[in-house]
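Shown next: final31.pdb, given as PDB, C-alpha atoms.
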ATOM      1  CA  MET R  15      89.755 135.815  97.469
ATOM      2  CA  SER R  16      89.383 132.239  96.391
ATOM      3  CA  GLY R  17      86.651 130.232  94.755
ATOM      4  CA  ASP R  18      85.517 126.688  95.293
ATOM      5  CA  ASP R  19      88.596 125.517  93.437
ATOM      6  CA  GLY R  20      91.228 127.712  95.073
ATOM      7  CA  THR R  21      91.384 130.074  92.097
ATOM      8  CA  PRO R  22      90.499 133.770  92.301
ATOM      9  CA  GLY R  23      86.806 134.013  93.082
ATOM     10  CA  ASN R  24      83.994 135.937  91.410
ATOM     11  CA  SER R  25      86.328 138.659  90.157
ATOM     12  CA  GLY R  26      88.841 136.248  88.608
ATOM     13  CA  TYR R  27      87.173 135.533  85.265
ATOM     14  CA  GLY R  28      89.302 136.471  82.286
ATOM     15  CA  ARG R  29      92.291 137.549  84.370
ATOM     16  CA  LYS R  30      94.376 134.404  84.400
ATOM     17  CA  ALA R  31      94.123 130.846  83.140
ATOM     18  CA  PHE R  32      92.384 128.304  85.350
ATOM     19  CA  LYS R  33      94.435 125.818  87.339
ATOM     20  CA  ARG R  34      92.772 123.457  89.815
ATOM     21  CA  SER R  35      94.290 123.669  93.293
ATOM     22  CA  LYS R  36      94.734 120.702  95.581
ATOM     23  CA  SER R  37      92.742 120.560  98.803
ATOM     24  CA  HIS R  38      94.938 121.665 101.694
ATOM     25  CA  PHE R  39      92.946 120.025 104.470
ATOM     26  CA  ALA R  40      92.423 116.381 103.549
ATOM     27  CA  ASP R  41      91.466 114.810 106.875
ATOM     28  CA  ARG R  42      88.693 112.263 106.507
ATOM     29  CA  ILE R  43      85.607 111.616 108.612
ATOM     30  CA  THR R  44      85.456 107.836 108.802
ATOM     31  CA  ALA R  45      83.558 105.075 110.551
ATOM     32  CA  ASP R  46      86.663 104.085 112.534
ATOM     33  CA  GLY R  47      87.809 107.662 113.171
ATOM     34  CA  ARG R  48      91.362 106.921 112.049
ATOM     35  CA  ASP R  49      92.100 110.594 111.339
ATOM     36  CA  GLY R  50      90.607 111.644 114.666
ATOM     37  CA  TRP R  51      87.226 112.468 113.151
ATOM     38  CA  PRO R  52      84.726 109.610 113.673
ATOM     39  CA  VAL R  53      81.349 109.607 111.964
ATOM     40  CA  GLU R  54      78.911 110.974 114.526
ATOM     41  CA  ALA R  55      75.395 112.274 113.984
ATOM     42  CA  GLY R  56      75.078 115.974 114.724
ATOM     43  CA  ARG R  57      78.776 116.637 115.213
ATOM     44  CA  TYR R  58      79.648 118.138 111.832
ATOM     45  CA  ARG R  59      78.297 120.902 109.621
ATOM     46  CA  LEU R  60      78.534 120.904 105.842
ATOM     47  CA  VAL R  61      79.181 124.364 104.424
ATOM     48  CA  ALA R  62      78.207 124.843 100.795
ATOM     49  CA  SER R  63      77.362 127.420  98.181
ATOM     50  CA  ARG R  64      74.681 126.627  95.632
ATOM     51  CA  ALA R  65      76.810 128.543  93.113
ATOM     52  CA  CYS R  66      79.571 125.936  93.305
ATOM     53  CA  PRO R  67      79.216 122.668  91.343
ATOM     54  CA  TRP R  68      81.498 120.788  93.730
ATOM     55  CA  ALA R  69      79.484 121.946  96.734
ATOM     56  CA  SER R  70      76.294 121.041  94.887
ATOM     57  CA  ARG R  71      77.599 117.481  94.569
ATOM     58  CA  ALA R  72      77.841 117.274  98.331
ATOM     59  CA  LEU R  73      74.287 118.624  98.655
ATOM     60  CA  VAL R  74      72.957 116.009  96.227
ATOM     61  CA  SER R  75      74.801 113.150  97.957
ATOM     62  CA  ARG R  76      73.645 114.257 101.400
ATOM     63  CA  ARG R  77      70.030 114.307 100.220
ATOM     64  CA  LEU R  78      70.131 110.999  98.326
ATOM     65  CA  LEU R  79      71.699 109.226 101.287
ATOM     66  CA  GLY R  80      69.239 110.703 103.785
ATOM     67  CA  LEU R  81      71.887 112.409 105.902
ATOM     68  CA  GLU R  82      69.959 115.638 106.505
ATOM     69  CA  ASP R  83      69.446 114.941 110.214
ATOM     70  CA  ALA R  84      72.948 113.576 110.779
ATOM     71  CA  LEU R  85      74.913 116.279 108.942
ATOM     72  CA  SER R  86      73.626 119.816 109.322
ATOM     73  CA  LEU R  87      73.902 122.305 106.488
ATOM     74  CA  ALA R  88      75.052 125.902 106.160
ATOM     75  CA  ILE R  89      74.496 127.761 102.881
ATOM     76  CA  THR R  90      76.685 130.736 102.053
ATOM     77  CA  ASP R  91      76.032 133.765  99.927
ATOM     78  CA  PRO R  92      76.840 132.868  96.297
ATOM     79  CA  ILE R  93      79.088 135.932  96.064
ATOM     80  CA  GLN R  94      82.296 136.221  98.061
ATOM     81  CA  ASP R  95      84.128 139.288  99.220
ATOM     82  CA  ASP R  96      87.812 139.581 100.112
ATOM     83  CA  ARG R  97      87.180 137.791 103.424
ATOM     84  CA  SER R  98      85.841 134.595 101.787
ATOM     85  CA  TRP R  99      82.429 132.913 101.669
ATOM     86  CA  ARG R 100      79.882 134.885 103.704
ATOM     87  CA  PHE R 101      76.828 133.835 105.741
ATOM     88  CA  THR R 102      74.754 136.816 104.630
ATOM     89  CA  LEU R 103      71.694 134.632 104.009
ATOM     90  CA  ASP R 104      71.359 134.070 107.774
ATOM     91  CA  PRO R 105      69.984 136.570 110.302
ATOM     92  CA  ASP R 106      72.616 139.157 111.233
ATOM     93  CA  GLY R 107      74.930 137.611 108.630
ATOM     94  CA  ARG R 108      76.095 134.917 111.040
ATOM     95  CA  ASP R 109      75.753 131.134 110.766
ATOM     96  CA  PRO R 110      73.343 130.169 113.563
ATOM     97  CA  VAL R 111      75.212 126.985 114.493
ATOM     98  CA  LEU R 112      78.865 127.928 114.060
ATOM     99  CA  GLY R 113      78.384 131.539 115.082
ATOM    100  CA  ILE R 114      80.711 132.860 112.374
ATOM    101  CA  ARG R 115      80.274 135.465 109.641
ATOM    102  CA  PHE R 116      82.891 134.076 107.238
ATOM    103  CA  LEU R 117      84.002 130.545 106.467
ATOM    104  CA  SER R 118      87.590 131.753 106.782
ATOM    105  CA  GLU R 119      87.048 131.870 110.547
ATOM    106  CA  ALA R 120      86.737 128.063 110.661
ATOM    107  CA  TYR R 121      89.860 127.769 108.505
ATOM    108  CA  ASP R 122      91.751 130.069 110.851
ATOM    109  CA  LYS R 123      90.728 127.950 113.846
ATOM    110  CA  ARG R 124      92.241 124.962 112.075
ATOM    111  CA  GLU R 125      95.422 126.736 110.971
ATOM    112  CA  THR R 126      96.075 130.219 112.263
ATOM    113  CA  GLY R 127      97.072 132.537 109.462
ATOM    114  CA  TYR R 128      96.220 129.976 106.795
ATOM    115  CA  PRO R 129      97.397 131.622 103.547
ATOM    116  CA  GLY R 130      95.516 129.539 100.971
ATOM    117  CA  GLY R 131      92.113 129.757  99.376
ATOM    118  CA  VAL R 132      88.939 129.305 101.402
ATOM    119  CA  SER R 133      86.867 126.769  99.484
ATOM    120  CA  VAL R 134      83.550 124.965  99.562
ATOM    121  CA  PRO R 135      82.368 122.346 100.156
ATOM    122  CA  ALA R 136      83.855 122.271 103.603
ATOM    123  CA  VAL R 137      83.002 120.251 106.691
ATOM    124  CA  VAL R 138      83.383 121.912 110.093
ATOM    125  CA  ASP R 139      83.505 120.284 113.530
ATOM    126  CA  VAL R 140      80.675 121.991 115.396
ATOM    127  CA  PRO R 141      81.988 121.641 118.999
ATOM    128  CA  SER R 142      85.365 123.208 118.204
ATOM    129  CA  GLY R 143      84.400 125.341 115.215
ATOM    130  CA  ARG R 144      87.433 123.994 113.352
ATOM    131  CA  LEU R 145      87.534 123.041 109.717
ATOM    132  CA  VAL R 146      87.870 119.280 109.257
ATOM    133  CA  THR R 147      88.204 118.956 105.492
ATOM    134  CA  ASN R 148      87.840 120.842 102.241
ATOM    135  CA  ASP R 149      88.728 117.813 100.094
ATOM    136  CA  TYR R 150      85.961 118.334  97.555
ATOM    137  CA  GLN R 151      86.424 114.960  95.856
ATOM    138  CA  GLN R 152      86.767 112.826  98.984
ATOM    139  CA  ILE R 153      83.914 114.395 100.940
ATOM    140  CA  THR R 154      81.217 112.836  98.765
ATOM    141  CA  LEU R 155      82.980 109.488  98.505
ATOM    142  CA  ASP R 156      83.153 109.321 102.288
ATOM    143  CA  LEU R 157      79.500 110.266 102.660
ATOM    144  CA  ALA R 158      78.757 107.259 100.462
ATOM    145  CA  THR R 159      81.149 104.751 102.033
ATOM    146  CA  GLU R 160      81.923 105.838 105.608
ATOM    147  CA  TRP R 161      78.588 107.237 106.767
ATOM    148  CA  THR R 162      76.615 104.091 105.918
ATOM    149  CA  SER R 163      75.400 103.541 109.493
ATOM    150  CA  LEU R 164      73.463 106.799 109.202
ATOM    151  CA  HIS R 165      72.083 106.325 105.690
ATOM    152  CA  ARG R 166      68.319 106.265 105.235
ATOM    153  CA  PRO R 167      66.686 102.875 104.581
ATOM    154  CA  GLY R 168      66.973 102.070 100.887
ATOM    155  CA  ALA R 169      69.687 104.657 100.221
ATOM    156  CA  PRO R 170      71.546 104.045  96.950
ATOM    157  CA  ASP R 171      75.103 102.733  96.969
ATOM    158  CA  LEU R 172      76.790 105.612  95.178
ATOM    159  CA  TYR R 173      80.210 103.946  95.042
ATOM    160  CA  PRO R 174      79.677 100.161  94.860
ATOM    161  CA  HIS R 175      82.807  98.007  95.150
ATOM    162  CA  ALA R 176      82.092  95.984  92.032
ATOM    163  CA  LEU R 177      81.902  99.090  89.844
ATOM    164  CA  ARG R 178      84.583 101.306  91.365
ATOM    165  CA  ASP R 179      87.191 100.817  88.649
ATOM    166  CA  GLU R 180      84.710 101.786  85.943
ATOM    167  CA  ILE R 181      83.289 104.638  88.012
ATOM    168  CA  ASP R 182      86.798 105.992  88.596
ATOM    169  CA  GLU R 183      87.589 105.770  84.890
ATOM    170  CA  VAL R 184      84.441 107.640  83.894
ATOM    171  CA  MET R 185      84.922 110.260  86.605
ATOM    172  CA  ALA R 186      88.522 110.889  85.557
ATOM    173  CA  GLY R 187      87.431 111.868  82.060
ATOM    174  CA  VAL R 188      84.517 113.931  83.325
ATOM    175  CA  TYR R 189      86.771 115.677  85.824
ATOM    176  CA  GLN R 190      89.368 116.628  83.230
ATOM    177  CA  ASP R 191      87.106 117.700  80.380
ATOM    178  CA  VAL R 192      83.781 118.708  81.935
ATOM    179  CA  ASN R 193      84.218 119.598  85.616
ATOM    180  CA  ASN R 194      87.435 121.477  84.932
ATOM    181  CA  GLY R 195      86.579 122.335  81.334
ATOM    182  CA  VAL R 196      83.821 124.755  82.259
ATOM    183  CA  TYR R 197      86.232 126.546  84.575
ATOM    184  CA  ARG R 198      88.884 126.724  81.856
ATOM    185  CA  ALA R 199      86.284 128.296  79.605
ATOM    186  CA  GLY R 200      85.122 130.713  82.293
ATOM    187  CA  PHE R 201      88.634 131.798  83.203
ATOM    188  CA  ALA R 202      89.917 131.855  79.613
ATOM    189  CA  THR R 203      92.060 134.843  78.803
ATOM    190  CA  GLY R 204      91.732 134.486  75.030
ATOM    191  CA  GLN R 205      89.388 133.178  72.358
ATOM    192  CA  GLU R 206      91.532 130.172  71.417
ATOM    193  CA  GLU R 207      91.780 129.071  75.032
ATOM    194  CA  TYR R 208      88.032 129.446  75.427
ATOM    195  CA  GLU R 209      87.239 127.471  72.287
ATOM    196  CA  ALA R 210      89.649 124.679  73.250
ATOM    197  CA  ALA R 211      87.990 124.337  76.655
ATOM    198  CA  CYS R 212      84.495 124.269  75.124
ATOM    199  CA  ALA R 213      85.588 121.706  72.550
ATOM    200  CA  GLY R 214      86.871 119.455  75.323
ATOM    201  CA  VAL R 215      83.545 119.649  77.154
ATOM    202  CA  PHE R 216      81.499 118.670  74.105
ATOM    203  CA  ARG R 217      83.973 116.004  73.033
ATOM    204  CA  ARG R 218      83.634 114.294  76.400
ATOM    205  CA  LEU R 219      79.847 114.568  76.304
ATOM    206  CA  GLU R 220      79.860 112.919  72.876
ATOM    207  CA  GLN R 221      82.001 110.101  74.265
ATOM    208  CA  LEU R 222      79.510 109.565  77.088
ATOM    209  CA  THR R 223      76.465 109.601  74.839
ATOM    210  CA  PRO R 224      76.635 105.889  73.832
ATOM    211  CA  ARG R 225      76.536 104.913  77.509
ATOM    212  CA  LEU R 226      73.348 106.873  78.074
ATOM    213  CA  GLU R 227      71.785 105.599  74.872
ATOM    214  CA  ARG R 228      71.895 102.039  76.187
ATOM    215  CA  GLN R 229      71.327 102.667  79.901
ATOM    216  CA  ARG R 230      69.865 105.305  82.199
ATOM    217  CA  TYR R 231      73.019 105.860  84.243
ATOM    218  CA  LEU R 232      76.677 106.262  83.362
ATOM    219  CA  VAL R 233      77.818 103.100  85.146
ATOM    220  CA  GLY R 234      75.567 100.137  85.806
ATOM    221  CA  ASP R 235      71.825 100.226  86.397
ATOM    222  CA  THR R 236      71.732 102.642  89.330
ATOM    223  CA  ILE R 237      72.849 106.168  90.117
ATOM    224  CA  THR R 238      76.475 106.488  91.253
ATOM    225  CA  GLU R 239      79.008 109.160  92.122
ATOM    226  CA  ALA R 240      79.840 109.422  88.415
ATOM    227  CA  ASP R 241      76.322 110.633  87.577
ATOM    228  CA  ILE R 242      76.333 113.217  90.351
ATOM    229  CA  ARG R 243      79.672 114.680  89.274
ATOM    230  CA  LEU R 244      78.504 115.085  85.694
ATOM    231  CA  PHE R 245      74.959 116.256  86.465
ATOM    232  CA  THR R 246      75.830 119.168  88.747
ATOM    233  CA  THR R 247      78.230 120.672  86.226
ATOM    234  CA  LEU R 248      75.686 120.353  83.429
TER     235      LEU R 248
END

As structure tokens, what does this structure read like?
Amino acid sequence: MSGDDGTPGNSGYGRKAFKRSKSHFADRITADGRDGWPVEAGRYRLVASRACPWASRALVSRRLLGLEDALSLAITDPIQDDRSWRFTLDPDGRDPVLGIRFLSEAYDKRETGYPGGVSVPAVVDVPSGRLVTNDYQQITLDLATEWTSLHRPGAPDLYPHALRDEIDEVMAGVYQDVNNGVYRAGFATGQEEYEAACAGVFRRLEQLTPRLERQRYLVGDTITEADIRLFTTL
């Protein structure tokens, strides 16, 4: 059983040290469809768990950008079993659009016998029922930069060109010390490991404090991807 990060899921705390897994399915949904998945209203379904910070980032981005009508949403049970994320919140325990009981079914349609972790957020192609991507970092960036034709009027630019270098720099530190730090603390197998992870979280927050003392957002004068990635972990 795997969590949103590819580590052992709800039962994994305290059993082994945390190590972030890479996303196995990294296809992108783009405006030009270069990976075979063009942006298209109504074609894809975002699968998320509100218990997962990375999935919550996708939920926040989808809402801020006004993509609710273009990208449908499936919410899983916050607790997994040995068959992966479950749709027990839906009638009869089955997602009403995809018709599946477990997210692993969409993974299996993409790669039969897939041996890796079943993670959220994930985007599924509704017509085929196949997983498109579980690239938790790229999904939100693409919602911001590739889905622009479907954004609501006045939607914020969450990844503006002029600020990308600074955004990337801030996000790298947040990713290492905060996004991953809370997992290292949660999966710590000893007190020293736990305290080191907690210290890293608070050290990074202290480093970010001067930014927020002089401005409302981490980078520039508007909300960006950097703010979303920090906020949902906090």

Can you list, as a ChimeraX atom specification, the residues that the PyMOL selection byres ((chain R and resi 65) around 12) selects here?
-> /R:17-18,23-24,62-64,66-71,73,89-94,99,134-135,246-247

Answer key for the PyMOL selection byres ((chain R and resi 124) around 6), residues as a PyMOL selection string | chain R and resi 121-123+125+144-145

Matched chain/residue IDs from the PyMOL selection byres ((chain R and resi 233-243) around 10), as an MDAnalysis selection string | chainID R and resid 67:68 70:72 74:75 78 151 154:155 158 170:174 176:178 180:186 188:189 192:193 225:226 229:232 244:248

Could I get the residues of range 85-142 of chain R with an atom no further than 10 Å from an atom of range 36-54 of chain R, each paired with its nearest atom pair and that distance in Å to one decimal, using only C-alpha atoms, sorted by chain and residue number, as a Markdown table?
| residue | atom | partner | partner_atom | distance |
| --- | --- | --- | --- | --- |
| R:Leu85 | CA | R:Glu54 | CA | 8.7 |
| R:Tyr121 | CA | R:Phe39 | CA | 9.3 |
| R:Arg124 | CA | R:Phe39 | CA | 9.1 |
| R:Glu125 | CA | R:Phe39 | CA | 9.7 |
| R:Tyr128 | CA | R:His38 | CA | 9.8 |
| R:Gly130 | CA | R:His38 | CA | 7.9 |
| R:Gly131 | CA | R:His38 | CA | 8.9 |
| R:Val132 | CA | R:His38 | CA | 9.7 |
| R:Ser133 | CA | R:Ser37 | CA | 8.6 |
| R:Ala136 | CA | R:Phe39 | CA | 9.4 |
| R:Val137 | CA | R:Ile43 | CA | 9.2 |
| R:Asp139 | CA | R:Trp51 | CA | 8.7 |

So how many Å separate CA of Gly168 in chain R and CA of Ala88 in chain R, to one decimal?
->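 Value for the CA of Gly168 in chain R-CA of Ala88 in chain R distance: 25.7 Å.
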